[in-house]
$ cat entry12.pdb   # PDB, C-alpha atoms, pLDDT in the B column
ATOM      1  CA  MET A 178     -12.755  -6.316  -4.352  1.00 53.00           C
ATOM      2  CA  LYS A 179     -12.530  -6.312  -8.157  1.00 58.00           C
ATOM      3  CA  LYS A 180      -9.294  -5.004  -9.629  1.00 59.00           C
ATOM      4  CA  HIS A 181      -9.077  -3.802 -13.201  1.00 66.00           C
ATOM      5  CA  PHE A 182      -5.342  -4.364 -13.405  1.00 69.00           C
ATOM      6  CA  THR A 183      -2.821  -7.080 -12.612  1.00 79.00           C
ATOM      7  CA  LEU A 184      -0.911  -6.862  -9.351  1.00 84.00           C
ATOM      8  CA  GLY A 185       2.855  -7.081  -9.824  1.00 85.00           C
ATOM      9  CA  VAL A 186       4.566  -9.895  -7.945  1.00 91.00           C
ATOM     10  CA  GLY A 187       7.075  -8.503  -5.451  1.00 90.00           C
ATOM     11  CA  LYS A 188       5.596  -4.988  -5.421  1.00 94.00           C
ATOM     12  CA  TRP A 189       4.355  -3.218  -2.302  1.00 95.00           C
ATOM     13  CA  TYR A 190       0.765  -1.955  -2.195  1.00 95.00           C
ATOM     14  CA  PHE A 191      -1.442   0.311  -0.108  1.00 95.00           C
ATOM     15  CA  ASN A 192      -4.902   1.844  -0.594  1.00 94.00           C
ATOM     16  CA  ILE A 193      -5.979   5.425  -0.130  1.00 95.00           C
ATOM     17  CA  ARG A 194      -9.691   5.634   0.611  1.00 92.00           C
ATOM     18  CA  THR A 195     -11.459   8.642  -0.900  1.00 89.00           C
ATOM     19  CA  GLY A 196     -15.183   8.547  -0.206  1.00 87.00           C
ATOM     20  CA  GLN A 197     -16.622   5.587  -2.070  1.00 89.00           C
ATOM     21  CA  GLN A 198     -13.372   4.754  -3.904  1.00 89.00           C
ATOM     22  CA  ASN A 199     -10.084   3.069  -3.094  1.00 89.00           C
ATOM     23  CA  ILE A 200      -7.014   4.254  -4.953  1.00 92.00           C
ATOM     24  CA  THR A 201      -4.418   1.481  -4.997  1.00 93.00           C
ATOM     25  CA  MET A 202      -0.822   2.693  -4.966  1.00 94.00           C
ATOM     26  CA  SER A 203       2.241   0.510  -5.581  1.00 94.00           C
ATOM     27  CA  ARG A 204       5.980   0.869  -5.199  1.00 95.00           C
ATOM     28  CA  ALA A 205       8.767  -1.497  -6.254  1.00 95.00           C
ATOM     29  CA  GLU A 206      10.857  -0.953  -3.101  1.00 96.00           C
ATOM     30  CA  LYS A 207       9.621  -1.343   0.469  1.00 95.00           C
ATOM     31  CA  LYS A 208      11.343   1.830   1.684  1.00 95.00           C
ATOM     32  CA  ASP A 209       9.597   3.843  -1.035  1.00 95.00           C
ATOM     33  CA  ALA A 210       6.209   2.293  -0.203  1.00 95.00           C
ATOM     34  CA  VAL A 211       6.631   2.951   3.524  1.00 95.00           C
ATOM     35  CA  TYR A 212       7.718   6.544   2.887  1.00 96.00           C
ATOM     36  CA  ALA A 213       4.725   7.251   0.623  1.00 96.00           C
ATOM     37  CA  TYR A 214       2.260   5.488   2.951  1.00 96.00           C
ATOM     38  CA  LEU A 215       3.420   7.409   6.015  1.00 96.00           C
ATOM     39  CA  ASN A 216       3.368  10.719   4.142  1.00 96.00           C
ATOM     40  CA  TYR A 217      -0.243  10.126   3.115  1.00 95.00           C
ATOM     41  CA  LEU A 218      -1.089   9.366   6.752  1.00 95.00           C
ATOM     42  CA  GLU A 219       0.607  12.604   7.854  1.00 94.00           C
ATOM     43  CA  LEU A 220      -1.568  14.489   5.358  1.00 94.00           C
ATOM     44  CA  GLY A 221      -4.628  13.042   7.091  1.00 93.00           C
ATOM     45  CA  LYS A 222      -5.573  10.572   4.362  1.00 93.00           C
ATOM     46  CA  ASP A 223      -7.420   7.355   5.209  1.00 94.00           C
ATOM     47  CA  CYS A 224      -4.891   4.690   4.181  1.00 95.00           C
ATOM     48  CA  GLU A 225      -4.799   0.905   4.330  1.00 95.00           C
ATOM     49  CA  TRP A 226      -1.501  -0.995   4.091  1.00 96.00           C
ATOM     50  CA  LEU A 227      -1.822  -4.121   1.945  1.00 95.00           C
ATOM     51  CA  GLY A 228       1.782  -5.359   1.928  1.00 95.00           C
ATOM     52  CA  ARG A 229       3.862  -7.218  -0.641  1.00 95.00           C
ATOM     53  CA  TRP A 230       2.041  -9.142  -3.370  1.00 94.00           C
ATOM     54  CA  GLU A 231       3.315 -12.726  -3.652  1.00 94.00           C
ATOM     55  CA  GLY A 232       1.169 -13.829  -6.587  1.00 89.00           C
ATOM     56  CA  LYS A 233      -1.765 -15.298  -4.653  1.00 91.00           C
ATOM     57  CA  LYS A 234      -1.864 -13.257  -1.451  1.00 93.00           C
ATOM     58  CA  PHE A 235      -0.228 -10.348   0.358  1.00 92.00           C
ATOM     59  CA  SER A 236       2.650 -10.884   2.777  1.00 93.00           C
ATOM     60  CA  GLU A 237       4.117  -8.522   5.374  1.00 92.00           C
ATOM     61  CA  THR A 238       0.678  -7.009   5.923  1.00 93.00           C
ATOM     62  CA  THR A 239       1.486  -5.234   9.183  1.00 92.00           C
ATOM     63  CA  ALA A 240       1.295  -1.495   8.577  1.00 90.00           C
ATOM     64  CA  PRO A 241       4.531   0.442   9.159  1.00 90.00           C
ATOM     65  CA  SER A 242       4.448   2.856  12.072  1.00 86.00           C
ATOM     66  CA  ASN A 243       7.488   5.056  11.506  1.00 74.00           C
ATOM     67  CA  LYS A 244       9.804   6.209   8.724  1.00 60.00           C
ATOM     68  CA  ALA A 245      12.724   4.154  10.065  1.00 53.00           C
ATOM     69  CA  ALA A 246      11.181   0.928   8.695  1.00 47.00           C
TER      70      ALA A 246
END
$ encode --input "entry12.pdb" --output "structure tokens"
Amino acid sequence: MKKHFTLGVGKWYFNIRTGQQNITMSRAEKKDAVYAYLNYLELGKDCEWLGRWEGKKFSETTAPSNKAA
């Protein structure tokens, strides 16, 4: 997967799949990322939780399941 931007260390990321494309969304705070991710799921979007970028890999990659996270 080729990215045309630099991932920010400590930011939370998820993808929204739209046909042939992936739109990568990021949030600085976990609660904001979880809220946005779950709202996209409620709208019926095909989403993939990536987790928190640590500089070389993603951590906390388990997708949130409710808004209380």
$ resolve_selection --input "entry12.pdb" --expression "the PyMOL selection byres ((chain A and resi 227-242) around 6)" --output "PyMOL selection string"
chain A and resi 186-191+226+243
$ closest_residue --input "entry12.pdb" --among "A:Ile193, A:Thr201, A:Lys207, A:Thr183" --to "Leu220 (chain A)" --atoms "only C-alpha atoms"
A:Ile193
$ atom_distance --input "entry12.pdb" --atom1 "CA of Gly185 (chain A)" --atom2 "CA of Met202 (chain A)"
11.5 Å
$ atom_distance --input "entry12.pdb" --atom1 "CA of Thr195 (chain A)" --atom2 "CA of Gly221 (chain A)"
11.4 Å
$ atom_distance --input "entry12.pdb" --atom1 "CA of Asp223 (chain A)" --atom2 "CA of Asn192 (chain A)"
8.4 Å
